[in-house]
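Peer 1: Input structure: work_13.cif, which contains mmCIF, C-alpha atoms.
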data_run
#
loop_
_atom_site.label_atom_id
_atom_site.label_comp_id
_atom_site.auth_asym_id
_atom_site.auth_seq_id
_atom_site.Cartn_x
_atom_site.Cartn_y
_atom_site.Cartn_z
CA MET A 48 97.36 5.83 355.46
CA ASN A 49 99.04 2.59 354.33
CA ILE A 50 96.58 -0.14 353.35
CA LEU A 51 97.34 -3.75 352.37
CA GLN A 52 94.84 -5.94 350.50
CA LEU A 53 95.34 -9.60 351.47
CA ILE A 54 94.00 -12.32 349.15
CA ASP A 55 94.78 -16.02 348.71
CA THR A 56 95.42 -15.83 344.95
CA LEU A 57 95.12 -13.49 342.00
CA HIS A 58 93.40 -15.94 339.70
CA PRO A 59 90.25 -14.47 338.11
CA GLY A 60 87.35 -14.52 340.54
CA GLY A 61 85.00 -12.13 342.31
CA ALA A 62 86.93 -11.64 345.56
CA GLU A 63 90.20 -11.43 343.64
CA ARG A 64 88.93 -8.72 341.31
CA VAL A 65 87.50 -6.77 344.24
CA ALA A 66 90.83 -6.86 346.08
CA LEU A 67 92.60 -5.71 342.91
CA ASN A 68 90.06 -2.92 342.35
CA TYR A 69 90.62 -1.61 345.87
CA ALA A 70 94.40 -1.72 345.52
CA ASN A 71 94.37 0.09 342.18
CA SER A 72 91.74 2.68 343.12
CA LEU A 73 93.28 3.73 346.44
CA LEU A 74 96.28 5.22 344.65
CA GLN A 75 94.15 8.16 343.59
CA TYR A 76 93.17 8.95 347.19
CA GLY A 77 96.60 9.58 348.68
CA VAL A 78 96.93 6.07 350.09
CA GLN A 79 100.07 3.96 350.04
CA SER A 80 98.47 0.91 348.43
CA HIS A 81 99.72 -2.66 348.72
CA ILE A 82 98.32 -6.02 347.64
CA CYS A 83 99.57 -9.41 348.83
CA ALA A 84 98.77 -12.88 347.45
CA THR A 85 99.32 -15.57 350.05
CA ARG A 86 99.22 -18.84 348.09
CA ASP A 87 99.43 -18.23 344.34
CA LYS A 88 99.96 -15.28 342.02
CA GLY A 89 97.57 -15.83 339.09
CA ILE A 90 97.14 -13.91 335.87
CA LEU A 91 95.53 -10.86 337.51
CA VAL A 92 99.02 -9.86 338.69
CA ASP A 93 99.42 -8.27 335.27
CA ASN A 94 96.52 -5.91 336.06
CA ILE A 95 98.17 -4.37 339.13
CA GLN A 96 98.71 -0.70 338.37
CA GLU A 97 102.05 1.01 338.59
CA GLY A 98 102.46 2.48 342.05
CA VAL A 99 100.72 -0.39 343.86
CA VAL A 100 103.24 -2.50 345.77
CA PHE A 101 102.82 -6.24 345.19
CA HIS A 102 103.90 -8.86 347.72
CA PHE A 103 103.84 -12.65 347.49
CA LEU A 104 104.10 -15.00 350.45
CA GLY A 105 104.23 -18.38 348.73
CA LYS A 106 102.29 -19.98 351.59
CA LYS A 107 102.56 -23.79 351.45
CA ASN A 108 100.04 -24.75 354.12
CA THR A 109 97.60 -23.28 356.64
CA LEU A 110 100.24 -22.78 359.36
CA ASP A 111 103.26 -21.85 357.21
CA LEU A 112 105.48 -20.07 359.73
CA LEU A 113 107.92 -18.79 357.10
CA ALA A 114 105.08 -17.12 355.19
CA LEU A 115 103.65 -15.78 358.44
CA ASN A 116 106.98 -14.21 359.34
CA LYS A 117 107.21 -12.73 355.83
CA LEU A 118 103.79 -11.11 356.27
CA ARG A 119 104.82 -9.71 359.66
CA ASN A 120 107.91 -8.16 358.06
CA ILE A 121 105.85 -6.65 355.23
CA ILE A 122 103.52 -5.04 357.76
CA ARG A 123 106.36 -3.69 359.88
CA GLU A 124 108.65 -2.47 357.08
CA ASN A 125 105.82 -0.76 355.17
CA LYS A 126 104.13 0.62 358.28
CA ILE A 127 100.79 -0.91 357.28
CA ASP A 128 97.91 0.74 359.12
CA VAL A 129 95.06 -1.36 357.73
CA LEU A 130 95.19 -4.98 356.63
CA HIS A 131 92.13 -5.66 354.50
CA ALA A 132 91.69 -9.45 354.33
CA HIS A 133 89.44 -10.80 351.58
CA GLY A 134 87.56 -14.09 351.83
CA THR A 135 89.40 -16.97 353.46
CA SER A 136 92.64 -15.01 353.89
CA TRP A 137 91.20 -13.80 357.21
CA PHE A 138 92.68 -16.78 359.06
CA PHE A 139 96.28 -15.96 358.16
CA ALA A 140 95.65 -12.30 359.01
CA VAL A 141 94.34 -13.31 362.45
CA LEU A 142 97.40 -15.52 363.04
CA CYS A 143 99.58 -12.54 362.20
CA LYS A 144 97.72 -10.37 364.67
CA ILE A 145 97.88 -13.01 367.40
CA SER A 146 101.64 -13.24 366.87
CA GLY A 147 101.96 -9.61 367.92
CA ALA A 148 101.85 -7.60 364.67
CA LYS A 149 100.10 -4.24 365.08
CA PHE A 150 97.49 -3.24 362.50
CA THR A 151 93.78 -2.61 362.07
CA LEU A 152 92.16 -5.74 360.63
CA ILE A 153 89.17 -5.54 358.26
CA TRP A 154 87.60 -8.71 356.96
CA HIS A 155 85.75 -8.52 353.62
CA ASP A 156 83.08 -11.22 353.46
CA HIS A 157 82.53 -12.27 349.82
CA TYR A 158 80.61 -15.45 350.68
CA GLY A 159 78.83 -16.46 347.48
CA ASN A 160 76.35 -18.90 349.05
CA SER A 161 74.47 -16.16 350.86
CA GLU A 162 71.18 -17.87 349.98
CA PHE A 163 72.26 -20.82 352.18
CA LEU A 164 73.73 -19.15 355.25
CA GLU A 165 72.16 -21.75 357.53
CA ASP A 166 74.68 -24.24 356.13
CA ARG A 167 77.71 -22.02 356.70
CA GLU A 168 80.36 -23.35 359.08
CA THR A 169 80.80 -20.74 361.82
CA ARG A 170 82.77 -22.24 364.72
CA LEU A 171 86.29 -21.10 363.85
CA LEU A 172 85.10 -17.89 362.25
CA LYS A 173 82.99 -16.96 365.27
CA PHE A 174 85.83 -17.67 367.70
CA PHE A 175 88.50 -15.72 365.82
CA SER A 176 86.21 -12.88 364.74
CA ALA A 177 87.02 -11.21 368.06
CA LYS A 178 90.31 -10.24 366.39
CA PHE A 179 88.52 -8.34 363.59
CA ASP A 180 88.27 -4.58 364.01
CA GLY A 181 85.61 -4.32 361.32
CA ILE A 182 83.76 -6.29 358.65
CA ILE A 183 82.68 -5.31 355.15
CA SER A 184 79.86 -7.45 353.72
CA VAL A 185 79.01 -7.60 350.02
CA ASN A 186 75.28 -7.80 350.60
CA LYS A 187 72.74 -7.05 353.28
CA LYS A 188 72.11 -10.70 354.18
CA LEU A 189 75.80 -11.17 354.95
CA ARG A 190 75.86 -7.93 356.96
CA ASP A 191 72.92 -9.04 359.11
CA TRP A 192 74.44 -12.50 359.50
CA ALA A 193 77.75 -11.03 360.71
CA ILE A 194 75.99 -8.74 363.20
CA ASN A 195 74.04 -11.68 364.65
CA LYS A 196 76.70 -14.39 364.53
CA LEU A 197 80.14 -12.81 364.95
CA LYS A 198 81.90 -10.89 367.71
CA VAL A 199 82.37 -7.61 365.86
CA GLU A 200 80.71 -4.27 366.55
CA LYS A 201 81.66 -2.48 363.33
CA VAL A 202 79.95 -4.17 360.36
CA ILE A 203 78.95 -2.37 357.17
CA PHE A 204 77.55 -3.28 353.78
CA LEU A 205 79.51 -1.74 350.90
CA ASN A 206 78.69 -2.19 347.24
CA ASN A 207 81.27 -3.96 345.15
CA PHE A 208 82.55 -1.63 342.47
CA ILE A 209 84.42 -1.61 339.20
CA LYS A 210 86.75 0.92 337.70
CA ILE A 211 84.74 2.75 335.06
CA ARG A 212 85.98 2.13 331.55
CA GLU A 213 85.03 4.02 328.44
CA GLU A 214 84.83 2.92 324.81
CA SER A 215 88.46 3.90 324.16
CA ASP A 216 89.52 1.18 326.57
CA LYS A 217 88.32 -1.60 324.27
CA MET A 218 90.87 -4.07 323.00
CA PRO A 219 90.60 -5.42 319.43
CA VAL A 220 89.17 -8.83 320.34
CA LYS A 221 86.32 -10.77 318.75
CA LEU A 222 83.87 -13.31 320.03
CA LYS A 223 83.73 -16.54 318.06
CA GLY A 224 81.03 -17.40 315.57
CA ASN A 225 78.82 -15.20 313.40
CA SER A 226 75.43 -15.33 315.12
CA GLU A 227 73.09 -12.34 315.19
CA ILE A 228 72.77 -12.36 318.99
CA LYS A 229 75.70 -13.13 321.28
CA LEU A 230 75.04 -14.20 324.87
CA ILE A 231 77.87 -14.05 327.39
CA CYS A 232 78.38 -15.43 330.89
CA VAL A 233 81.34 -14.67 333.15
CA ALA A 234 81.30 -17.24 335.96
CA ASN A 235 83.89 -19.67 337.28
CA LEU A 236 83.02 -23.35 336.92
CA ARG A 237 81.54 -23.83 340.37
CA ALA A 238 78.29 -25.57 341.19
CA GLN A 239 76.64 -22.44 342.63
CA LYS A 240 76.94 -20.76 339.19
CA ASP A 241 74.67 -23.48 337.75
CA HIS A 242 75.92 -23.55 334.16
CA ARG A 243 73.70 -26.57 333.51
CA THR A 244 70.55 -24.46 333.73
CA LEU A 245 72.08 -21.90 331.36
CA LEU A 246 73.01 -24.58 328.84
CA GLU A 247 69.49 -26.01 328.99
CA ALA A 248 68.05 -22.54 328.40
CA PHE A 249 70.35 -22.12 325.41
CA GLN A 250 69.13 -25.41 323.94
CA ILE A 251 65.54 -24.18 324.27
CA LEU A 252 66.44 -20.97 322.43
CA THR A 253 68.25 -22.71 319.58
CA SER A 254 65.37 -25.18 319.14
CA GLU A 255 63.16 -22.16 318.47
CA GLY A 256 65.32 -21.13 315.51
CA ASN A 257 67.13 -18.15 317.04
CA SER A 258 70.48 -17.13 315.53
CA ILE A 259 72.41 -17.01 318.81
CA SER A 260 75.69 -18.07 320.34
CA LEU A 261 76.81 -18.48 323.96
CA HIS A 262 80.25 -17.41 325.18
CA LEU A 263 81.48 -18.64 328.56
CA PHE A 264 84.38 -17.21 330.58
CA GLY A 265 85.79 -18.32 333.92
CA LYS A 266 88.22 -20.47 335.83
CA GLU A 267 87.89 -24.23 335.65
CA TYR A 268 88.76 -26.57 338.50
CA ASN A 269 89.99 -30.13 338.60
CA ASP A 270 86.66 -31.48 339.78
CA GLN A 271 83.68 -33.37 338.40
CA TYR A 272 81.54 -30.27 337.93
CA SER A 273 84.14 -28.62 335.69
CA GLU A 274 84.59 -31.78 333.64
CA ASP A 275 80.84 -32.29 333.23
CA ILE A 276 80.25 -28.70 332.07
CA LYS A 277 83.15 -28.77 329.62
CA SER A 278 81.91 -32.06 328.20
CA SER A 279 78.44 -30.56 327.73
CA ILE A 280 79.92 -27.53 325.98
CA LYS A 281 81.88 -29.71 323.55
CA ALA A 282 78.70 -31.56 322.61
CA MET A 283 76.82 -28.36 321.73
CA SER A 284 77.09 -26.11 318.71
CA SER A 285 77.51 -22.32 318.98
CA VAL A 286 78.70 -22.59 322.59
CA TYR A 287 82.26 -21.39 323.17
CA TRP A 288 84.50 -21.77 326.22
CA TYR A 289 87.27 -19.18 326.72
CA GLY A 290 88.55 -20.19 330.16
CA GLU A 291 90.46 -17.72 332.34
CA GLN A 292 91.06 -14.29 330.87
CA LYS A 293 92.79 -11.49 332.75
CA GLU A 294 90.69 -8.95 330.81
CA VAL A 295 87.07 -9.78 329.94
CA PHE A 296 85.63 -6.30 329.47
CA SER A 297 86.80 -6.07 325.87
CA TYR A 298 84.96 -9.31 325.08
CA LEU A 299 81.82 -8.08 326.83
CA CYS A 300 81.71 -5.04 324.56
CA HIS A 301 81.15 -7.36 321.59
CA ALA A 302 78.19 -9.22 323.16
CA ASP A 303 74.48 -8.34 323.38
CA ILE A 304 73.09 -9.97 326.53
CA GLY A 305 74.90 -10.86 329.77
CA ILE A 306 73.60 -13.87 331.72
CA LEU A 307 73.95 -15.12 335.29
CA SER A 308 72.17 -18.37 336.17
CA SER A 309 73.52 -18.77 339.73
CA VAL A 310 71.61 -20.42 342.56
CA SER A 311 73.39 -18.10 345.01
CA GLU A 312 75.49 -14.92 344.85
CA GLY A 313 76.96 -12.16 346.96
CA LEU A 314 77.21 -9.06 344.79
CA PRO A 315 78.60 -10.36 341.48
CA LEU A 316 81.11 -8.15 339.68
CA ALA A 317 79.98 -9.76 336.44
CA LEU A 318 76.68 -7.82 336.62
CA LEU A 319 78.55 -4.55 337.07
CA GLU A 320 80.79 -5.31 334.11
CA TYR A 321 77.79 -6.31 331.97
CA GLY A 322 76.21 -2.96 332.74
CA MET A 323 79.32 -0.94 331.94
CA ALA A 324 79.71 -2.82 328.65
CA ARG A 325 76.16 -1.76 327.67
CA LEU A 326 74.70 -5.27 327.78
CA ALA A 327 71.12 -6.16 328.53
CA VAL A 328 71.09 -8.42 331.59
CA VAL A 329 69.21 -11.59 332.50
CA SER A 330 69.97 -12.81 336.02
CA THR A 331 68.58 -15.12 338.65
CA ASP A 332 67.06 -13.30 341.61
CA VAL A 333 69.73 -14.13 344.22
CA GLY A 334 72.05 -12.12 346.46
CA GLU A 335 72.20 -8.43 345.53
CA CYS A 336 71.29 -9.03 341.87
CA ARG A 337 67.83 -7.48 342.20
CA ASN A 338 69.25 -4.32 343.77
CA VAL A 339 71.96 -4.03 341.12
CA ILE A 340 69.80 -4.28 338.00
CA GLY A 341 66.57 -2.82 339.42
CA ASP A 342 64.10 -2.20 336.58
CA TYR A 343 66.83 -2.33 333.92
CA GLY A 344 67.17 -6.07 333.48
CA ILE A 345 65.11 -9.24 333.76
CA LEU A 346 65.18 -11.44 336.88
CA THR A 347 64.31 -15.14 336.90
CA ASN A 348 64.00 -17.82 339.54
CA PRO A 349 67.01 -20.12 340.03
CA ASN A 350 67.03 -23.61 338.48
CA ASN A 351 64.54 -22.62 335.81
CA PRO A 352 65.86 -22.86 332.22
CA ASP A 353 62.41 -22.08 330.76
CA GLU A 354 62.31 -18.74 332.57
CA ILE A 355 65.83 -17.84 331.48
CA ALA A 356 65.05 -18.73 327.86
CA LYS A 357 61.84 -16.69 327.97
CA ALA A 358 63.68 -13.68 329.44
CA ILE A 359 66.39 -13.83 326.77
CA ASN A 360 63.72 -14.09 324.10
CA ILE A 361 62.09 -10.89 325.37
CA TYR A 362 65.30 -9.03 324.54
CA ILE A 363 65.78 -10.82 321.23
CA GLN A 364 62.27 -9.83 320.16
CA ASN A 365 62.51 -6.27 321.55
CA PRO A 366 65.76 -4.60 320.44
CA ILE A 367 64.52 -1.20 321.65
CA LYS A 368 63.99 -2.57 325.19
CA LEU A 369 67.42 -4.20 324.97
CA LYS A 370 69.05 -0.87 324.11
CA ASP A 371 67.07 1.19 326.66
CA ASP A 372 67.66 -1.22 329.55
CA SER A 373 71.37 -1.52 328.79
CA GLU A 374 71.83 2.27 328.67
CA ASN A 375 69.88 2.84 331.88
CA LEU A 376 71.75 0.07 333.70
CA ARG A 377 75.05 1.64 332.70
CA VAL A 378 73.98 4.94 334.29
CA THR A 379 73.04 3.10 337.51
CA ILE A 380 76.41 1.31 337.66
CA LYS A 381 78.30 4.57 337.17
CA GLN A 382 76.31 6.22 339.96
CA LEU A 383 76.28 3.52 342.65
CA TYR A 384 78.96 0.95 341.81
CA SER A 385 81.96 3.07 340.89
CA GLU A 386 85.11 3.80 342.86
CA GLU A 387 84.00 7.42 343.19
CA TYR A 388 80.94 6.25 345.13
CA VAL A 389 82.50 3.45 347.21
CA ILE A 390 86.08 4.48 348.05
CA PRO A 391 85.21 7.59 350.13
CA LYS A 392 82.83 5.47 352.24
CA TYR A 393 85.53 2.81 352.59
CA LEU A 394 88.20 5.30 353.69
CA SER A 395 85.80 6.82 356.21
CA PHE A 396 85.24 3.32 357.65
CA CYS A 397 89.02 2.73 357.82
CA ARG A 398 89.63 6.04 359.61
CA ASP A 399 86.88 5.32 362.15
CA LEU A 400 88.43 1.95 362.95
CA CYS A 401 91.95 3.31 363.20
#
Translate this structure into structure tokens?

Peer 2:
Amino acid sequence: MNILQLIDTLHPGGAERVALNYANSLLQYGVQSHICATRDKGILVDNIQEGVVFHFLGKKNTLDLLALNKLRNIIRENKIDVLHAHGTSWFFAVLCKISGAKFTLIWHDHYGNSEFLEDRETRLLKFFSAKFDGIISVNKKLRDWAINKLKVEKVIFLNNFIKIREESDKMPVKLKGNSEIKLICVANLRAQKDHRTLLEAFQILTSEGNSISLHLFGKEYNDQYSEDIKSSIKAMSSVYWYGEQKEVFSYLCHADIGILSSVSEGLPLALLEYGMARLAVVSTDVGECRNVIGDYGILTNPNNPDEIAKAINIYIQNPIKLKDDSENLRVTIKQLYSEEYVIPKYLSFCRDLC
């Protein structure tokens, strides 16, 4: 089977890392694996494993006919059986199918605002969804939404997954500062990630005399939210901004507690990476977060810095709980959110559709 992952860019982000994980993991299952960025390459290109074929379209606009023809040629020349379109790349995949290219089309819905599905624009998606052969949803809310709203019979929920890394995979990096407790958050500077609440929680913790630091990773955007958050970070002590990093796992291994303060999520890869790095986890109760961390982390309500600060303090004051929860969460991630668990289910779905 020849499978192509289609994604708009390979800048660090949840959908981008998922597409990359699929492309890299499929090599071990006898699949001819391809990944194609439509608009921009991004630093994750360097993480594509040897043996995975990378393609770049250089798409300039929504209806770029040169890029469309390039995608058609890639599909034909490489005898692609399954085109797996992630996020908003579905539209270009549908155009390719309408133009006469022959392939099985899977759309992977990574929609992060799954707490606000009533606000989701559906007109174009509903109309063109008739061209999808199947849909993969990253949480159960999105699965049920697709079944009720779109014109597709084959819809499944599949856990996001990460490639399991062991201690020997660590890189010799260090987090800044010399605090006793290091908090870390991997989240692009988008409003749904609600960094403001996290920064307010951190101020509460420092006012109580804790020796802590906060380390933030993610992509920034040329918008007001990004500028406001970066300005707030500069005005605070013991808060460090690292920006985009193609490899964050090595940094995670030097932290103590992983935080997500989002108001909405799908199934965040950050939680899976926190667990594999043996971090205790504090997360807002949105998307699939509750199902990921189960009893081995602390959930809070969104938009509540006092709750987040209290949850972090529980781990600061209880190092045994911190260690036990982090070890148990790691076992859960290895069992349910690894390629060994997800890829066989994915390939079975692909074969059924084909």

Peer 1: Run the PyMOL selection byres ((chain A and resi 163-172) around 9) against the file shown and list the residues it catches, as a ChimeraX atom specification.

Peer 2: /A:137-138,160-162,173-176,188-189,192,196-197,311

Peer 1: Ala302 in chain A: which residues within 9 Å, counting only C-alpha atoms, same-chain residues fewer than 5 positions away excluded, as a JSON list (two decimals) with C-alpha atoms, keeping the file's coordinate frame?

Peer 2:
[["chain", "number", "residue", "atom", "x", "y", "z"],
["A", 222, "LEU", "CA", 83.87, -13.31, 320.03],
["A", 228, "ILE", "CA", 72.77, -12.36, 318.99],
["A", 229, "LYS", "CA", 75.70, -13.13, 321.28],
["A", 230, "LEU", "CA", 75.04, -14.20, 324.87],
["A", 231, "ILE", "CA", 77.87, -14.05, 327.39],
["A", 262, "HIS", "CA", 80.25, -17.41, 325.18],
["A", 324, "ALA", "CA", 79.71, -2.82, 328.65],
["A", 325, "ARG", "CA", 76.16, -1.76, 327.67],
["A", 326, "LEU", "CA", 74.70, -5.27, 327.78]]

Peer 1: So what do you get for CA of Lys126 in chain A versus CA of Val78 in chain A, distance-wise?

Peer 2: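 CA of Val78 in chain A lies at a distance of 12.2 Å from CA of Lys126 in chain A.
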
Peer 1: Once the PyMOL selection byres ((chain A and resi 62) around 7) has been evaluated on this model, what residues remain selected, and can you format them as a compact mmCIF listing (two decimals) with C-alpha atoms, in the coordinates of the input?

Peer 2:
# COMPACT_ATOMS: atom_id res chain seq x y z
CA GLY A 60 87.35 -14.52 340.54
CA GLY A 61 85.00 -12.13 342.31
CA GLU A 63 90.20 -11.43 343.64
CA ARG A 64 88.93 -8.72 341.31
CA VAL A 65 87.50 -6.77 344.24
CA ALA A 66 90.83 -6.86 346.08
CA HIS A 133 89.44 -10.80 351.58
CA GLY A 134 87.56 -14.09 351.83
CA HIS A 157 82.53 -12.27 349.82

Peer 1: Restricting the calculation to all atoms listed in the file, which member of A:Asn186, A:Asn365, A:Gln250, A:Ser72 is positioned closest to Leu394 in chain A?

Peer 2: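 Using all atoms listed in the file, the shortest distance to Leu394 in chain A belongs to A:Ser72.
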
Peer 1: Export range 221-234 of chain A, N, CA, C and O atoms, as a PDB file, in the first residue's frame; it's the structure right above.

Peer 2:
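What follows is the written file out.pdb:
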ATOM      1  N   LYS A 221      19.510  22.149  28.114  1.00  0.00           N
ATOM      2  CA  LYS A 221      19.156  22.574  29.471  1.00  0.00           C
ATOM      3  C   LYS A 221      18.080  23.634  29.397  1.00  0.00           C
ATOM      4  O   LYS A 221      18.063  24.471  28.488  1.00  0.00           O
ATOM      5  N   LEU A 222      17.170  23.583  30.369  1.00  0.00           N
ATOM      6  CA  LEU A 222      16.222  24.668  30.530  1.00  0.00           C
ATOM      7  C   LEU A 222      16.902  25.812  31.273  1.00  0.00           C
ATOM      8  O   LEU A 222      17.809  25.597  32.074  1.00  0.00           O
ATOM      9  N   LYS A 223      16.456  27.015  31.010  1.00  0.00           N
ATOM     10  CA  LYS A 223      17.080  28.195  31.593  1.00  0.00           C
ATOM     11  C   LYS A 223      16.718  28.335  33.067  1.00  0.00           C
ATOM     12  O   LYS A 223      15.721  27.799  33.537  1.00  0.00           O
ATOM     13  N   GLY A 224      17.544  29.083  33.778  1.00  0.00           N
ATOM     14  CA  GLY A 224      17.276  29.348  35.185  1.00  0.00           C
ATOM     15  C   GLY A 224      17.751  28.227  36.085  1.00  0.00           C
ATOM     16  O   GLY A 224      18.222  27.185  35.635  1.00  0.00           O
ATOM     17  N   ASN A 225      17.619  28.460  37.396  1.00  0.00           N
ATOM     18  CA  ASN A 225      18.087  27.471  38.377  1.00  0.00           C
ATOM     19  C   ASN A 225      17.054  27.229  39.478  1.00  0.00           C
ATOM     20  O   ASN A 225      17.402  27.029  40.640  1.00  0.00           O
ATOM     21  N   SER A 226      15.784  27.265  39.102  1.00  0.00           N
ATOM     22  CA  SER A 226      14.720  27.064  40.088  1.00  0.00           C
ATOM     23  C   SER A 226      14.638  25.601  40.500  1.00  0.00           C
ATOM     24  O   SER A 226      15.106  24.702  39.787  1.00  0.00           O
ATOM     25  N   GLU A 227      14.012  25.355  41.636  1.00  0.00           N
ATOM     26  CA  GLU A 227      13.850  23.980  42.118  1.00  0.00           C
ATOM     27  C   GLU A 227      12.820  23.218  41.293  1.00  0.00           C
ATOM     28  O   GLU A 227      12.997  22.029  41.004  1.00  0.00           O
ATOM     29  N   ILE A 228      11.743  23.894  40.908  1.00  0.00           N
ATOM     30  CA  ILE A 228      10.674  23.257  40.139  1.00  0.00           C
ATOM     31  C   ILE A 228      10.542  23.966  38.789  1.00  0.00           C
ATOM     32  O   ILE A 228      10.412  25.187  38.738  1.00  0.00           O
ATOM     33  N   LYS A 229      10.566  23.188  37.723  1.00  0.00           N
ATOM     34  CA  LYS A 229      10.457  23.754  36.375  1.00  0.00           C
ATOM     35  C   LYS A 229       9.128  23.324  35.743  1.00  0.00           C
ATOM     36  O   LYS A 229       8.867  22.125  35.574  1.00  0.00           O
ATOM     37  N   LEU A 230       8.299  24.307  35.432  1.00  0.00           N
ATOM     38  CA  LEU A 230       7.045  24.074  34.724  1.00  0.00           C
ATOM     39  C   LEU A 230       7.283  24.270  33.235  1.00  0.00           C
ATOM     40  O   LEU A 230       8.075  25.128  32.836  1.00  0.00           O
ATOM     41  N   ILE A 231       6.578  23.504  32.410  1.00  0.00           N
ATOM     42  CA  ILE A 231       6.774  23.622  30.968  1.00  0.00           C
ATOM     43  C   ILE A 231       5.418  23.554  30.266  1.00  0.00           C
ATOM     44  O   ILE A 231       4.510  22.836  30.697  1.00  0.00           O
ATOM     45  N   CYS A 232       5.296  24.333  29.202  1.00  0.00           N
ATOM     46  CA  CYS A 232       4.060  24.340  28.408  1.00  0.00           C
ATOM     47  C   CYS A 232       4.438  24.372  26.936  1.00  0.00           C
ATOM     48  O   CYS A 232       5.156  25.276  26.494  1.00  0.00           O
ATOM     49  N   VAL A 233       3.963  23.390  26.181  1.00  0.00           N
ATOM     50  CA  VAL A 233       4.180  23.349  24.736  1.00  0.00           C
ATOM     51  C   VAL A 233       2.846  23.668  24.067  1.00  0.00           C
ATOM     52  O   VAL A 233       1.928  22.844  24.058  1.00  0.00           O
ATOM     53  N   ALA A 234       2.723  24.880  23.545  1.00  0.00           N
ATOM     54  CA  ALA A 234       1.460  25.329  22.950  1.00  0.00           C
ATOM     55  C   ALA A 234       1.736  26.541  22.071  1.00  0.00           C
ATOM     56  O   ALA A 234       2.322  27.523  22.537  1.00  0.00           O
TER      57      ALA A 234
END
